[in-house]
2 protein chains.
Amino acid sequence: MTDEPITPPDRRLAAWRIFLRAHARVVRELEQELQADQGMALTDYDVLVQLAAAEERRLRMSELADRLLLSRSGVTRLVDRLVADGLVERVVCEDDRRGQWASLTETGLARLRQASPTHLAGVARHFLDRFSPDELPALERMLSRVAAER
Amino acid sequence: MTDEPITPPDRRLAAWRIFLRAHARVVRELEQELQADQGMALTDYDVLVQLAAAEERRLRMSELADRLLLSRSGVTRLVDRLVADGLVERVVCEDDRRGQWASLTETGLARLRQASPTHLAGVARHFLDRFSPDELPALERMLSRVAAER
């Protein structure tokens, strides 16, 4: 037993704790399923998805870091591994020799196509299917205020 | 431009992406503020909070890992650092010599009390204050379905 309360009794904190727990649980399930069924880490999957969605299937490293909300050094480590596996390659663009770019290879695109049914089925099962058609837009509207740039 | 769609056109995925982005943004803000104002990592803060809330301010390492939704090895590394800083100590309990326990020190409790206003103000500013009093219980009810044990 603690003698004094550590936190002020803000009853709203219950919603914050549920938000954290919801995120941790669903991400853990998705990680485990993707690893078990596809032998792929969720962080690697996220990189491949971002590159596949980008114009010419490539992104400057700094832009990739922004989209993944990761540090530049964290993204460099991720991409180094994907390059070693042949799923991504580093390119220097004709018109921009300063920045390093990461580009999805054909092998990377094929791996992503193979892995995405596992991931998307998990997102539906662990997250989307738990809400009614009315609830999802409400959830999206509320959370968009937290997700917005500031 | 990608030639073929990588993901099926499930319009519900927008809510999932907003959920991920909301989590990443608020956690990043909280991490930066806690580091800047208190020189403390958010992962360390989370360990101290769990121990402070536990009976006799201590938890078995496996229980601490469960509460933080971390692997056992991840928690061991975290606790090792907090022990080196004098905020946590390892104890062996009289009635349970098999398991290792982590116990919050007086220094650790004082550090937590010092750091918690920064953290709680951030949780309010970046998350709680963005919802109306009606919305928070709705959000909590919806996300509790995702957070539940399964």
# chains A, B, ... in the order shown; residues from 1 in each chain; ligands from 1
>>> select_by_dssp(residues="segment 10-122 of chain B", states="helix (DSSP H, G or I)", output="PyMOL selection string")
chain B and resi 13-38+42-53+55-57+61-68+72-84+106-122
>>> interface_residues(of="chain A", to="chain B", cutoff="8 Å", atoms="only C-alpha atoms", output="ChimeraX atom specification")
/A:1-2,6-7,12-16,18-26,52-57,69,112-113,116,120,123,126-128,130-131,135-137,139-140,142-148
>>> closest_residue(among="B:Arg60, B:Gln38, B:Leu48, B:Glu31", to="Cys93 of chain B", atoms="only C-alpha atoms")
B:Arg60
>>> select_by_dssp(residues="chain A", states="strand (DSSP E or B)", output="ChimeraX atom specification")
/A:58-60,88-93,96-104
>>> residues_around(residues="Val79 of chain A", least_positions_apart="4", cutoff="9 Å", atoms="only C-alpha atoms", output="list in words")
Asp44, Val47, Met61, Gly74, Val75, Val83, Ala84, Val88, Glu89, Arg90 and Ala102 of chain A
